[in-house]
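Chemist: The structure file protein.pdb (PDB, C-alpha atoms) is provided below.
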```pdb
ATOM      1  CA  MET Q   1     -27.999  -5.422   9.350
ATOM      2  CA  LYS Q   2     -25.069  -3.344   8.123
ATOM      3  CA  LYS Q   3     -21.837  -5.137   7.325
ATOM      4  CA  LYS Q   4     -18.972  -4.138   9.617
ATOM      5  CA  ILE Q   5     -15.708  -3.042   8.001
ATOM      6  CA  LEU Q   6     -12.594  -2.748  10.167
ATOM      7  CA  ILE Q   7      -9.700  -0.619   8.918
ATOM      8  CA  SER Q   8      -6.405  -1.024  10.772
ATOM      9  CA  GLY Q   9      -3.640   1.549  10.425
ATOM     10  CA  ALA Q  10      -6.249   4.310  10.255
ATOM     11  CA  ASN Q  11      -3.657   7.076  10.651
ATOM     12  CA  GLY Q  12      -1.531   5.862   7.732
ATOM     13  CA  GLN Q  13      -1.855   7.172   4.194
ATOM     14  CA  LEU Q  14      -3.923   4.229   2.960
ATOM     15  CA  GLY Q  15      -6.076   4.165   6.092
ATOM     16  CA  LYS Q  16      -6.815   7.875   5.719
ATOM     17  CA  THR Q  17      -7.729   7.328   2.089
ATOM     18  CA  PHE Q  18     -10.288   4.682   3.036
ATOM     19  CA  GLY Q  19     -11.603   7.128   5.631
ATOM     20  CA  ILE Q  20     -12.301   9.727   2.949
ATOM     21  CA  LEU Q  21     -13.858   7.251   0.519
ATOM     22  CA  SER Q  22     -16.000   5.543   3.180
ATOM     23  CA  ASP Q  23     -18.554   8.368   2.994
ATOM     24  CA  LYS Q  24     -19.712   6.903  -0.315
ATOM     25  CA  TYR Q  25     -20.453   3.573   1.376
ATOM     26  CA  SER Q  26     -22.847   4.556   4.155
ATOM     27  CA  ASN Q  27     -24.554   1.175   3.835
ATOM     28  CA  TRP Q  28     -21.595  -0.298   5.727
ATOM     29  CA  GLU Q  29     -20.582   0.270   9.329
ATOM     30  CA  TRP Q  30     -16.992   1.510   9.457
ATOM     31  CA  TYR Q  31     -14.430   1.140  12.238
ATOM     32  CA  PHE Q  32     -11.143   2.996  11.823
ATOM     33  CA  LEU Q  33      -8.567   1.747  14.310
ATOM     34  CA  THR Q  34      -5.192   3.298  15.060
ATOM     35  CA  LYS Q  35      -2.212   1.580  16.644
ATOM     36  CA  LYS Q  36      -3.454   2.745  20.046
ATOM     37  CA  VAL Q  37      -6.363   0.284  19.931
ATOM     38  CA  PHE Q  38      -5.185  -2.193  17.267
ATOM     39  CA  ASP Q  39      -1.508  -2.743  17.957
ATOM     40  CA  LEU Q  40       0.059  -5.422  15.770
ATOM     41  CA  GLU Q  41       2.790  -5.878  18.373
ATOM     42  CA  SER Q  42       0.212  -7.085  20.911
ATOM     43  CA  LYS Q  43      -1.954 -10.172  20.453
ATOM     44  CA  SER Q  44      -4.249  -9.075  23.287
ATOM     45  CA  SER Q  45      -4.806  -5.689  21.623
ATOM     46  CA  VAL Q  46      -5.667  -7.286  18.280
ATOM     47  CA  SER Q  47      -7.912  -9.938  19.839
ATOM     48  CA  ALA Q  48      -9.768  -7.433  22.019
ATOM     49  CA  SER Q  49     -10.630  -5.208  19.058
ATOM     50  CA  LEU Q  50     -11.711  -8.094  16.843
ATOM     51  CA  ASN Q  51     -13.862  -9.717  19.521
ATOM     52  CA  HIS Q  52     -15.488  -6.400  20.399
ATOM     53  CA  ILE Q  53     -16.284  -5.232  16.855
ATOM     54  CA  LYS Q  54     -16.863  -8.616  15.209
ATOM     55  CA  PRO Q  55     -16.105  -7.345  11.689
ATOM     56  CA  ASP Q  56     -17.339  -8.909   8.465
ATOM     57  CA  VAL Q  57     -14.309  -7.598   6.559
ATOM     58  CA  ILE Q  58     -10.867  -6.600   7.830
ATOM     59  CA  ILE Q  59      -8.824  -4.263   5.636
ATOM     60  CA  ASN Q  60      -5.351  -4.421   7.109
ATOM     61  CA  CYS Q  61      -3.581  -1.150   6.300
ATOM     62  CA  ALA Q  62      -1.206  -1.445   9.265
ATOM     63  CA  ALA Q  63       2.367  -2.559   8.632
ATOM     64  CA  TYR Q  64       6.015  -2.016   9.455
ATOM     65  CA  THR Q  65       7.252  -0.027   6.447
ATOM     66  CA  ALA Q  66      10.600   1.463   7.539
ATOM     67  CA  VAL Q  67      12.589  -0.429   4.900
ATOM     68  CA  ASP Q  68      16.100   0.573   5.994
ATOM     69  CA  GLN Q  69      15.347   0.544   9.714
ATOM     70  CA  ALA Q  70      14.040  -3.007   9.434
ATOM     71  CA  GLU Q  71      17.594  -4.200   8.781
ATOM     72  CA  SER Q  72      18.361  -3.503  12.451
ATOM     73  CA  GLU Q  73      14.855  -4.222  13.807
ATOM     74  CA  ILE Q  74      14.325  -7.711  12.466
ATOM     75  CA  GLU Q  75      12.199  -9.002  15.344
ATOM     76  CA  LYS Q  76       9.889  -5.989  15.289
ATOM     77  CA  ALA Q  77       9.444  -6.151  11.510
ATOM     78  CA  MET Q  78       8.670  -9.868  11.663
ATOM     79  CA  LEU Q  79       6.248  -9.432  14.560
ATOM     80  CA  ILE Q  80       4.230  -6.721  12.831
ATOM     81  CA  ASN Q  81       4.419  -7.953   9.230
ATOM     82  CA  ASN Q  82       4.292 -11.696   9.866
ATOM     83  CA  THR Q  83       3.327 -12.981  13.313
ATOM     84  CA  SER Q  84       0.364 -10.632  13.770
ATOM     85  CA  LEU Q  85      -1.226 -11.924  10.571
ATOM     86  CA  GLY Q  86      -1.552 -15.313  12.204
ATOM     87  CA  TRP Q  87      -3.653 -13.752  14.967
ATOM     88  CA  ILE Q  88      -5.844 -11.911  12.481
ATOM     89  CA  GLY Q  89      -6.146 -14.929  10.198
ATOM     90  CA  GLU Q  90      -7.121 -17.284  13.024
ATOM     91  CA  TYR Q  91      -9.919 -14.958  14.096
ATOM     92  CA  ALA Q  92     -11.124 -14.536  10.519
ATOM     93  CA  LYS Q  93     -11.169 -18.287   9.897
ATOM     94  CA  LYS Q  94     -13.211 -18.992  13.033
ATOM     95  CA  ASN Q  95     -15.679 -16.168  12.389
ATOM     96  CA  ASP Q  96     -16.118 -16.332   8.598
ATOM     97  CA  CYS Q  97     -14.499 -12.914   8.223
ATOM     98  CA  LYS Q  98     -12.945 -11.755   4.950
ATOM     99  CA  ILE Q  99      -9.519 -10.089   4.857
ATOM    100  CA  ILE Q 100      -7.888  -7.649   2.466
ATOM    101  CA  HIS Q 101      -4.182  -7.346   3.222
ATOM    102  CA  PHE Q 102      -1.466  -5.344   1.478
ATOM    103  CA  SER Q 103       1.966  -6.676   0.598
ATOM    104  CA  THR Q 104       4.788  -5.315  -1.529
ATOM    105  CA  ASP Q 105       6.725  -5.564  -4.774
ATOM    106  CA  TYR Q 106       9.815  -6.089  -2.577
ATOM    107  CA  VAL Q 107       8.891  -9.780  -2.256
ATOM    108  CA  TYR Q 108      10.000 -10.357  -5.866
ATOM    109  CA  HIS Q 109      13.492  -8.815  -6.099
ATOM    110  CA  ASN Q 110      14.770 -10.942  -8.974
ATOM    111  CA  SER Q 111      16.479 -10.301 -12.298
ATOM    112  CA  CYS Q 112      13.366 -10.559 -14.461
ATOM    113  CA  ASN Q 113      12.947  -7.680 -16.933
ATOM    114  CA  ARG Q 114       9.312  -8.239 -17.882
ATOM    115  CA  PRO Q 115       6.186  -7.452 -15.815
ATOM    116  CA  LEU Q 116       6.117  -9.671 -12.751
ATOM    117  CA  VAL Q 117       3.223 -12.086 -12.296
ATOM    118  CA  GLU Q 118       1.826 -13.340  -9.010
ATOM    119  CA  THR Q 119       3.018 -16.900  -9.617
ATOM    120  CA  GLY Q 120       6.571 -15.785 -10.356
ATOM    121  CA  GLU Q 121       9.601 -16.439  -8.192
ATOM    122  CA  CYS Q 122       9.843 -14.560  -4.908
ATOM    123  CA  SER Q 123      13.330 -13.883  -3.589
ATOM    124  CA  PRO Q 124      13.303 -10.855  -1.287
ATOM    125  CA  LYS Q 125      16.714  -9.556  -0.252
ATOM    126  CA  SER Q 126      15.715  -7.038   2.438
ATOM    127  CA  VAL Q 127      14.373  -7.777   5.920
ATOM    128  CA  TYR Q 128      11.282  -5.785   5.011
ATOM    129  CA  GLY Q 129      10.658  -7.865   1.887
ATOM    130  CA  LYS Q 130      11.269 -11.115   3.760
ATOM    131  CA  SER Q 131       8.883 -10.099   6.551
ATOM    132  CA  LYS Q 132       6.137  -9.249   4.058
ATOM    133  CA  LEU Q 133       6.538 -12.531   2.155
ATOM    134  CA  ALA Q 134       6.471 -14.461   5.427
ATOM    135  CA  GLY Q 135       3.302 -12.571   6.346
ATOM    136  CA  GLU Q 136       1.616 -13.578   3.101
ATOM    137  CA  LYS Q 137       2.307 -17.227   3.842
ATOM    138  CA  THR Q 138       1.196 -16.930   7.466
ATOM    139  CA  LEU Q 139      -2.070 -15.260   6.510
ATOM    140  CA  LEU Q 140      -2.984 -17.698   3.743
ATOM    141  CA  SER Q 141      -2.115 -20.593   6.035
ATOM    142  CA  SER Q 142      -4.389 -19.351   8.833
ATOM    143  CA  GLN Q 143      -7.179 -17.978   6.595
ATOM    144  CA  PRO Q 144      -7.040 -19.208   2.983
ATOM    145  CA  ASP Q 145     -10.032 -16.981   2.120
ATOM    146  CA  SER Q 146      -7.865 -13.856   2.190
ATOM    147  CA  LEU Q 147      -7.176 -11.318  -0.542
ATOM    148  CA  ILE Q 148      -3.543 -10.181  -0.603
ATOM    149  CA  ILE Q 149      -2.626  -7.238  -2.812
ATOM    150  CA  ARG Q 150       1.023  -6.674  -3.658
ATOM    151  CA  THR Q 151       1.565  -3.011  -4.370
ATOM    152  CA  SER Q 152       4.491  -0.685  -5.041
ATOM    153  CA  TRP Q 153       5.750   2.861  -4.500
ATOM    154  CA  VAL Q 154       2.636   3.891  -2.563
ATOM    155  CA  TYR Q 155       1.992   7.623  -2.255
ATOM    156  CA  SER Q 156      -0.714  10.165  -1.419
ATOM    157  CA  PRO Q 157      -1.072  13.704  -0.048
ATOM    158  CA  PHE Q 158      -0.898  12.208   3.474
ATOM    159  CA  GLY Q 159       1.804  10.831   5.748
ATOM    160  CA  LYS Q 160       5.345  10.041   4.639
ATOM    161  CA  ASN Q 161       6.043   9.045   1.047
ATOM    162  CA  PHE Q 162       8.212   9.840  -1.966
ATOM    163  CA  PHE Q 163       5.721  12.306  -3.442
ATOM    164  CA  LEU Q 164       5.656  14.465  -0.313
ATOM    165  CA  THR Q 165       9.410  14.132   0.213
ATOM    166  CA  ILE Q 166      10.143  15.484  -3.276
ATOM    167  CA  GLN Q 167       7.648  18.306  -2.747
ATOM    168  CA  LYS Q 168       9.312  19.256   0.539
ATOM    169  CA  LEU Q 169      12.897  19.026  -0.720
ATOM    170  CA  ALA Q 170      12.012  21.118  -3.758
ATOM    171  CA  GLU Q 171      11.196  23.975  -1.392
ATOM    172  CA  GLU Q 172      14.494  23.606   0.466
ATOM    173  CA  ARG Q 173      17.108  22.814  -2.197
ATOM    174  CA  GLU Q 174      18.200  23.976  -5.624
ATOM    175  CA  GLU Q 175      19.074  20.479  -6.853
ATOM    176  CA  LEU Q 176      18.032  16.932  -6.048
ATOM    177  CA  LYS Q 177      19.679  13.579  -6.774
ATOM    178  CA  VAL Q 178      17.369  10.649  -7.521
ATOM    179  CA  VAL Q 179      18.172   7.090  -8.611
ATOM    180  CA  ASN Q 180      17.375   6.263 -12.228
ATOM    181  CA  ASP Q 181      18.128   2.526 -12.356
ATOM    182  CA  GLN Q 182      15.223   1.157 -10.300
ATOM    183  CA  ILE Q 183      12.155   0.537 -12.464
ATOM    184  CA  GLY Q 184       8.588   0.029 -11.310
ATOM    185  CA  SER Q 185       5.306   1.892 -11.114
ATOM    186  CA  PRO Q 186       3.864   4.188  -8.428
ATOM    187  CA  THR Q 187       0.568   3.449  -6.686
ATOM    188  CA  TYR Q 188      -1.803   6.276  -5.800
ATOM    189  CA  THR Q 189      -3.703   5.316  -2.646
ATOM    190  CA  PHE Q 190      -7.037   6.569  -3.969
ATOM    191  CA  ASP Q 191      -6.869   4.318  -7.027
ATOM    192  CA  LEU Q 192      -5.860   1.340  -4.886
ATOM    193  CA  ALA Q 193      -8.569   1.963  -2.290
ATOM    194  CA  LYS Q 194     -11.279   2.513  -4.921
ATOM    195  CA  SER Q 195     -10.388  -0.811  -6.521
ATOM    196  CA  CYS Q 196     -10.595  -2.571  -3.150
ATOM    197  CA  LEU Q 197     -13.955  -0.976  -2.415
ATOM    198  CA  GLN Q 198     -15.345  -2.045  -5.781
ATOM    199  CA  ILE Q 199     -14.257  -5.627  -5.108
ATOM    200  CA  MET Q 200     -15.828  -5.476  -1.633
ATOM    201  CA  ASP Q 201     -19.045  -3.981  -2.969
ATOM    202  CA  ASP Q 202     -19.322  -6.704  -5.598
ATOM    203  CA  HIS Q 203     -19.112  -9.259  -2.783
ATOM    204  CA  LEU Q 204     -21.172  -7.611  -0.032
ATOM    205  CA  SER Q 205     -23.840  -5.888  -2.138
ATOM    206  CA  ASN Q 206     -23.992  -7.897  -5.352
ATOM    207  CA  ASN Q 207     -23.360 -11.370  -3.914
ATOM    208  CA  LYS Q 208     -20.333 -12.087  -6.067
ATOM    209  CA  SER Q 209     -17.780 -14.499  -4.650
ATOM    210  CA  PHE Q 210     -14.979 -12.873  -2.669
ATOM    211  CA  PRO Q 211     -11.669 -13.194  -4.556
ATOM    212  CA  THR Q 212      -8.895 -14.895  -2.651
ATOM    213  CA  GLY Q 213      -5.181 -15.345  -3.117
ATOM    214  CA  ILE Q 214      -2.478 -12.937  -4.292
ATOM    215  CA  PHE Q 215      -3.002 -10.079  -6.750
ATOM    216  CA  ASN Q 216      -0.667  -7.346  -8.019
ATOM    217  CA  TYR Q 217      -1.785  -3.720  -8.085
ATOM    218  CA  SER Q 218      -0.113  -0.470  -9.063
ATOM    219  CA  ASN Q 219      -0.928   2.252 -11.520
ATOM    220  CA  GLU Q 220      -0.256   1.432 -15.160
ATOM    221  CA  GLY Q 221       2.917   2.394 -16.987
ATOM    222  CA  ALA Q 222       6.574   2.122 -15.999
ATOM    223  CA  CYS Q 223       9.098   4.625 -14.705
ATOM    224  CA  SER Q 224      12.222   5.018 -12.618
ATOM    225  CA  TRP Q 225      12.310   6.947  -9.356
ATOM    226  CA  TYR Q 226      14.024   9.708 -11.355
ATOM    227  CA  ASP Q 227      11.162   9.739 -13.876
ATOM    228  CA  PHE Q 228       8.645   9.874 -11.039
ATOM    229  CA  ALA Q 229      10.470  12.754  -9.345
ATOM    230  CA  HIS Q 230      10.737  14.614 -12.659
ATOM    231  CA  ALA Q 231       6.981  14.288 -13.207
ATOM    232  CA  ILE Q 232       6.229  15.439  -9.645
ATOM    233  CA  LEU Q 233       8.301  18.587 -10.150
ATOM    234  CA  GLU Q 234       6.985  19.212 -13.663
ATOM    235  CA  LEU Q 235       3.312  18.830 -12.771
ATOM    236  CA  SER Q 236       3.784  20.867  -9.579
ATOM    237  CA  ASP Q 237       5.550  23.609 -11.571
ATOM    238  CA  LYS Q 238       8.608  23.501  -9.316
ATOM    239  CA  LYS Q 239      11.932  24.629 -10.788
ATOM    240  CA  VAL Q 240      14.613  22.409  -9.276
ATOM    241  CA  ARG Q 241      17.644  20.850 -10.954
ATOM    242  CA  LEU Q 242      17.182  17.078 -10.942
ATOM    243  CA  ILE Q 243      20.272  14.886 -11.218
ATOM    244  CA  PRO Q 244      19.990  11.173 -12.131
ATOM    245  CA  VAL Q 245      22.267   8.862 -10.144
ATOM    246  CA  SER Q 246      22.799   5.108  -9.917
ATOM    247  CA  SER Q 247      21.834   3.011  -6.916
ATOM    248  CA  GLU Q 248      25.546   2.552  -6.227
ATOM    249  CA  GLU Q 249      25.958   6.319  -5.980
ATOM    250  CA  PHE Q 250      22.985   6.548  -3.626
ATOM    251  CA  PRO Q 251      23.545   3.649  -1.206
ATOM    252  CA  ALA Q 252      20.831   2.510   1.190
ATOM    253  CA  LYS Q 253      20.996   0.153   4.143
ATOM    254  CA  ALA Q 254      18.419  -2.213   2.646
ATOM    255  CA  PRO Q 255      18.693  -3.463  -0.956
ATOM    256  CA  ARG Q 256      15.958  -2.389  -3.370
ATOM    257  CA  PRO Q 257      14.692  -4.299  -6.416
ATOM    258  CA  ALA Q 258      16.169  -3.022  -9.678
ATOM    259  CA  PHE Q 259      13.016  -4.067 -11.539
ATOM    260  CA  SER Q 260       9.637  -4.480  -9.865
ATOM    261  CA  LEU Q 261       7.133  -3.594 -12.559
ATOM    262  CA  MET Q 262       4.137  -5.832 -11.924
ATOM    263  CA  SER Q 263       1.530  -7.257 -14.267
ATOM    264  CA  LYS Q 264      -1.998  -6.185 -13.283
ATOM    265  CA  LYS Q 265      -3.808  -8.521 -15.666
ATOM    266  CA  LYS Q 266      -5.130 -10.736 -12.866
ATOM    267  CA  ILE Q 267      -6.696  -7.988 -10.744
ATOM    268  CA  GLY Q 268      -7.811  -6.137 -13.867
ATOM    269  CA  SER Q 269     -10.252  -8.959 -14.566
ATOM    270  CA  LEU Q 270     -12.055  -8.089 -11.308
ATOM    271  CA  LEU Q 271     -12.384  -4.365 -11.947
ATOM    272  CA  ASN Q 272     -15.102  -2.587 -13.912
ATOM    273  CA  GLN Q 273     -12.783   0.141 -15.208
ATOM    274  CA  PRO Q 274      -9.148   0.349 -16.354
ATOM    275  CA  ILE Q 275      -6.396   1.058 -13.847
ATOM    276  CA  PRO Q 276      -5.239   4.671 -14.383
ATOM    277  CA  HIS Q 277      -1.792   5.431 -15.789
ATOM    278  CA  TRP Q 278       0.656   6.632 -13.152
ATOM    279  CA  ARG Q 279       0.965  10.132 -14.670
ATOM    280  CA  ASP Q 280      -2.811  10.603 -14.638
ATOM    281  CA  ALA Q 281      -2.909   9.389 -11.042
ATOM    282  CA  LEU Q 282      -0.124  11.797 -10.123
ATOM    283  CA  LYS Q 283      -2.071  14.715 -11.609
ATOM    284  CA  ASN Q 284      -5.054  13.755  -9.452
ATOM    285  CA  CYS Q 285      -2.863  13.562  -6.362
ATOM    286  CA  ILE Q 286      -1.342  16.988  -7.030
ATOM    287  CA  ASP Q 287      -4.816  18.484  -7.548
ATOM    288  CA  LEU Q 288      -5.968  17.017  -4.232
ATOM    289  CA  ALA Q 289      -2.817  18.134  -2.411
ATOM    290  CA  TYR Q 290      -3.234  21.644  -3.822
ATOM    291  CA  SER Q 291      -6.897  21.859  -2.798
ATOM    292  CA  LYS Q 292      -5.953  20.550   0.647
ATOM    293  CA  LEU Q 293      -3.311  23.294   0.971
ATOM    294  CA  ILE Q 294      -5.825  25.961  -0.069
ATOM    295  CA  ARG Q 295      -8.303  24.780   2.568
ATOM    296  CA  GLN Q 296      -5.595  24.852   5.239
ATOM    297  CA  ASN Q 297      -4.578  28.403   4.276
ATOM    298  CA  LYS Q 298      -8.185  29.578   4.389
ATOM    299  CA  ARG Q 299      -8.547  28.248   7.936
ATOM    300  CA  SER Q 300      -5.306  29.867   9.151
TER     301      SER Q 300
END
```
Could you take the file, read its structure, and then write that structure out as structure tokens?
Modeler:
Amino acid sequence: MKKKILISGANGQLGKTFGILSDKYSNWEWYFLTKKVFDLESKSSVSASLNHIKPDVIINCAAYTAVDQAESEIEKAMLINNTSLGWIGEYAKKNDCKIIHFSTDYVYHNSCNRPLVETGECSPKSVYGKSKLAGEKTLLSSQPDSLIIRTSWVYSPFGKNFFLTIQKLAEEREELKVVNDQIGSPTYTFDLAKSCLQIMDDHLSNNKSFPTGIFNYSNEGACSWYDFAHAILELSDKKVRLIPVSSEEFPAKAPRPAFSLMSKKKIGSLLNQPIPHWRDALKNCIDLAYSKLIRQNKRS
């Protein structure tokens, strides 16, 4: 009997990425659920989907990710990013279901200037970061056999993200201002999803034990948002004047970590190939975005 894999947040950039990669795993039965049928604001919606599908693995790609908006929507952020994980975890515990859940580098937000490890101090300053940390605790409390992946600066050719924003603004403006004092590493959804699928395949197909607990994942290397924007423009061959600014000059409603570069040593021990450098990942994303644009133009 085929193993059933449930993907929540199917319309998001990570959910869409799993949708594309799922073709390579036809030995599993895939269920891609959007908010319409798997609404993390509704316990009855979540329970109905889980009880109907009876998944073997839940990959939770759904989340509240509006970082600034969360400052004024505390209850909604906590409901989606925290409370709902209790519902999912309770089901998984009762039905021997594995969970892969995604968290964020925003849970750290401390003054450390060396790569952050999973056992390090967590001190989120934003509502978003606090809701994600609370969700980690809720999930591990309700289903200890869960895999939580903290990731950062997620982007792809789909949805809303920094990569697409820079691409769009470069078509509209002659100059762009980007902060240069926040350091981390971008995460390309295809690299993240491929790593998750390898871990799942090791468990479901090769009978390896399913890893549990918290793991960091992003592409290798370090950069600022300014560096990332510069690389996006350079590799896309877009001629726009880029101006570095401080976080103080570019205020946001929610505080951001000044340093959130994460160590990937722990998750690296589970993978059968090195995590790609962020510039190599960016090149792959641009190639995919370009080929996607060509296909769209051919159809129009």
Chemist: Using the chain letters and numbers from this file, what does the PyMOL selection byres ((chain Q and resi 161) around 12) select? Give the answer as a list in words.
Modeler: Gly12, Gln13, Leu14, Thr65, Ala66, Ser152, Trp153, Val154, Tyr155, Ser156, Pro157, Phe158, Gly159, Lys160, Phe162, Phe163, Leu164, Thr165, Ile166, Gln167, Lys168, Pro186, Thr187, Tyr188, Thr189 and Ala229 of chain Q
Chemist: Once you have the residues from the selection above, write them out as an mmCIF file, in the coordinates of the input, restricted to C-alpha atoms.
Modeler:
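For reference, again12.cif as written:
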```
data_model
loop_
_atom_site.group_PDB
_atom_site.id
_atom_site.type_symbol
_atom_site.label_atom_id
_atom_site.label_comp_id
_atom_site.auth_asym_id
_atom_site.auth_seq_id
_atom_site.Cartn_x
_atom_site.Cartn_y
_atom_site.Cartn_z
ATOM 1 C CA GLY Q 12 -1.531 5.862 7.732
ATOM 2 C CA GLN Q 13 -1.855 7.172 4.194
ATOM 3 C CA LEU Q 14 -3.923 4.229 2.960
ATOM 4 C CA THR Q 65 7.252 -0.027 6.447
ATOM 5 C CA ALA Q 66 10.600 1.463 7.539
ATOM 6 C CA SER Q 152 4.491 -0.685 -5.041
ATOM 7 C CA TRP Q 153 5.750 2.861 -4.500
ATOM 8 C CA VAL Q 154 2.636 3.891 -2.563
ATOM 9 C CA TYR Q 155 1.992 7.623 -2.255
ATOM 10 C CA SER Q 156 -0.714 10.165 -1.419
ATOM 11 C CA PRO Q 157 -1.072 13.704 -0.048
ATOM 12 C CA PHE Q 158 -0.898 12.208 3.474
ATOM 13 C CA GLY Q 159 1.804 10.831 5.748
ATOM 14 C CA LYS Q 160 5.345 10.041 4.639
ATOM 15 C CA PHE Q 162 8.212 9.840 -1.966
ATOM 16 C CA PHE Q 163 5.721 12.306 -3.442
ATOM 17 C CA LEU Q 164 5.656 14.465 -0.313
ATOM 18 C CA THR Q 165 9.410 14.132 0.213
ATOM 19 C CA ILE Q 166 10.143 15.484 -3.276
ATOM 20 C CA GLN Q 167 7.648 18.306 -2.747
ATOM 21 C CA LYS Q 168 9.312 19.256 0.539
ATOM 22 C CA PRO Q 186 3.864 4.188 -8.428
ATOM 23 C CA THR Q 187 0.568 3.449 -6.686
ATOM 24 C CA TYR Q 188 -1.803 6.276 -5.800
ATOM 25 C CA THR Q 189 -3.703 5.316 -2.646
ATOM 26 C CA ALA Q 229 10.470 12.754 -9.345
#
```
Chemist: As number ranges by chain, please: the residues near stretch 28-45 of chain Q (cut-off 8 Å, all atoms listed in the file, same-chain neighbours under 3 positions excluded).
Modeler: Q: 2-11, 15, 19, 22, 25, 48-49, 62, 76, 79-80, 84, 87
Chemist: Using C-alpha atoms, can you export the residues from the last selection as a compact mmCIF listing (two decimals), keeping the file's coordinate frame?
Modeler:
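File produced: result23.txt:
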```txt
# COMPACT_ATOMS: atom_id res chain seq x y z
CA LYS Q 2 -25.07 -3.34 8.12
CA LYS Q 3 -21.84 -5.14 7.32
CA LYS Q 4 -18.97 -4.14 9.62
CA ILE Q 5 -15.71 -3.04 8.00
CA LEU Q 6 -12.59 -2.75 10.17
CA ILE Q 7 -9.70 -0.62 8.92
CA SER Q 8 -6.40 -1.02 10.77
CA GLY Q 9 -3.64 1.55 10.42
CA ALA Q 10 -6.25 4.31 10.26
CA ASN Q 11 -3.66 7.08 10.65
CA GLY Q 15 -6.08 4.16 6.09
CA GLY Q 19 -11.60 7.13 5.63
CA SER Q 22 -16.00 5.54 3.18
CA TYR Q 25 -20.45 3.57 1.38
CA ALA Q 48 -9.77 -7.43 22.02
CA SER Q 49 -10.63 -5.21 19.06
CA ALA Q 62 -1.21 -1.44 9.26
CA LYS Q 76 9.89 -5.99 15.29
CA LEU Q 79 6.25 -9.43 14.56
CA ILE Q 80 4.23 -6.72 12.83
CA SER Q 84 0.36 -10.63 13.77
CA TRP Q 87 -3.65 -13.75 14.97
```
Chemist: What's around Q:Asn95 at 9 Å? Count all atoms listed in the file, leave out sequence neighbours fewer than 3 positions away in its own chain, and write the answer as a list in words.
Modeler: Lys54, Pro55, Asp56, Glu90, Tyr91 and Ala92 of chain Q
Chemist: Report the distance between atom CA of Q:Gly184 and atom CA of Q:Met200 in Å, rounded to one decimal place.
Modeler: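 These atoms are spaced 26.8 Å apart.
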Chemist: If you measure from atom CA of Q:Glu220 to atom CA of Q:Ser103, what distance in Å do you get, rounded to one decimal?
Modeler: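 That distance, rounded to one decimal, is 17.9 Å.
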Chemist: Return the single residue from Q:Ile267, Q:Ile58, Q:Glu73, Q:Gln182 that is closest to Q:Lys93, with distances computed using all atoms listed in the file.
Modeler: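 The answer is Q:Ile58, which sits nearest to Q:Lys93.
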Chemist: Given the file shown, enumerate the residues that the PyMOL selection byres ((chain Q and resi 123) around 7) captures and present them as a PyMOL selection string.
Modeler: chain Q and resi 107-110+121-122+124-125
Chemist: Using the file's own x, y and z axes, what box holds all listed atoms of stretch 185-194 of chain Q with 4 Å on each side, keeping edges along x, y and z, and what are its centre and edge lengths in Å to one decimal, as lines of an AutoDock Vina configuration file?
Modeler:
```
center_x = -3.0
center_y = 4.0
center_z = -6.7
size_x = 24.6
size_y = 13.2
size_z = 16.8
```
Chemist: Which residue gives the smallest distance to Q:Lys98 among Q:Leu140, Q:Ala77, Q:Leu147, Q:Leu169, with all atoms listed in the file counted?
Modeler: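 Comparing Q:Leu140, Q:Ala77, Q:Leu147, Q:Leu169 against Q:Lys98, the winner is Q:Leu147.
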Chemist: Selection in question (the file shown): the PyMOL selection byres ((chain Q and resi 207-216) around 8). Which residues does it include, as a PyMOL selection string?
Modeler: chain Q and resi 98+117-118+140+144-151+199-200+202-206+217-218+262-264+266-267
Chemist: Give me, please, the distance in Å between atom CA of Q:Ala193 and atom CA of Q:Lys16, quoted to one decimal.
Modeler: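 Between atom CA of Q:Ala193 and atom CA of Q:Lys16 the gap is 10.1 Å.
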Chemist: May I have the protein, DNA and RNA residues with any atom at most 7 Å from the point (-4.0, -8.6, 5.1), counting all atoms listed in the file, written as a PyMOL selection string?
Modeler: chain Q and resi 59-60+85+99-102+148
Chemist: Go ahead and save the picked residues with C-alpha atoms, as a PDB file, in the coordinates of the input.
Modeler:
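The result, written out as part24.pdb:
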```pdb
ATOM      1  CA  ILE Q  59      -8.824  -4.263   5.636  1.00  0.00           C
ATOM      2  CA  ASN Q  60      -5.351  -4.421   7.109  1.00  0.00           C
ATOM      3  CA  LEU Q  85      -1.226 -11.924  10.571  1.00  0.00           C
ATOM      4  CA  ILE Q  99      -9.519 -10.089   4.857  1.00  0.00           C
ATOM      5  CA  ILE Q 100      -7.888  -7.649   2.466  1.00  0.00           C
ATOM      6  CA  HIS Q 101      -4.182  -7.346   3.222  1.00  0.00           C
ATOM      7  CA  PHE Q 102      -1.466  -5.344   1.478  1.00  0.00           C
ATOM      8  CA  ILE Q 148      -3.543 -10.181  -0.603  1.00  0.00           C
TER       9      ILE Q 148
END
```
Chemist: Go through Q:His230, Q:Lys137, Q:Arg256, Q:Lys130 and flag the residue nearest Q:Ser111, using only C-alpha atoms for the distances.
Modeler: Q:Arg256
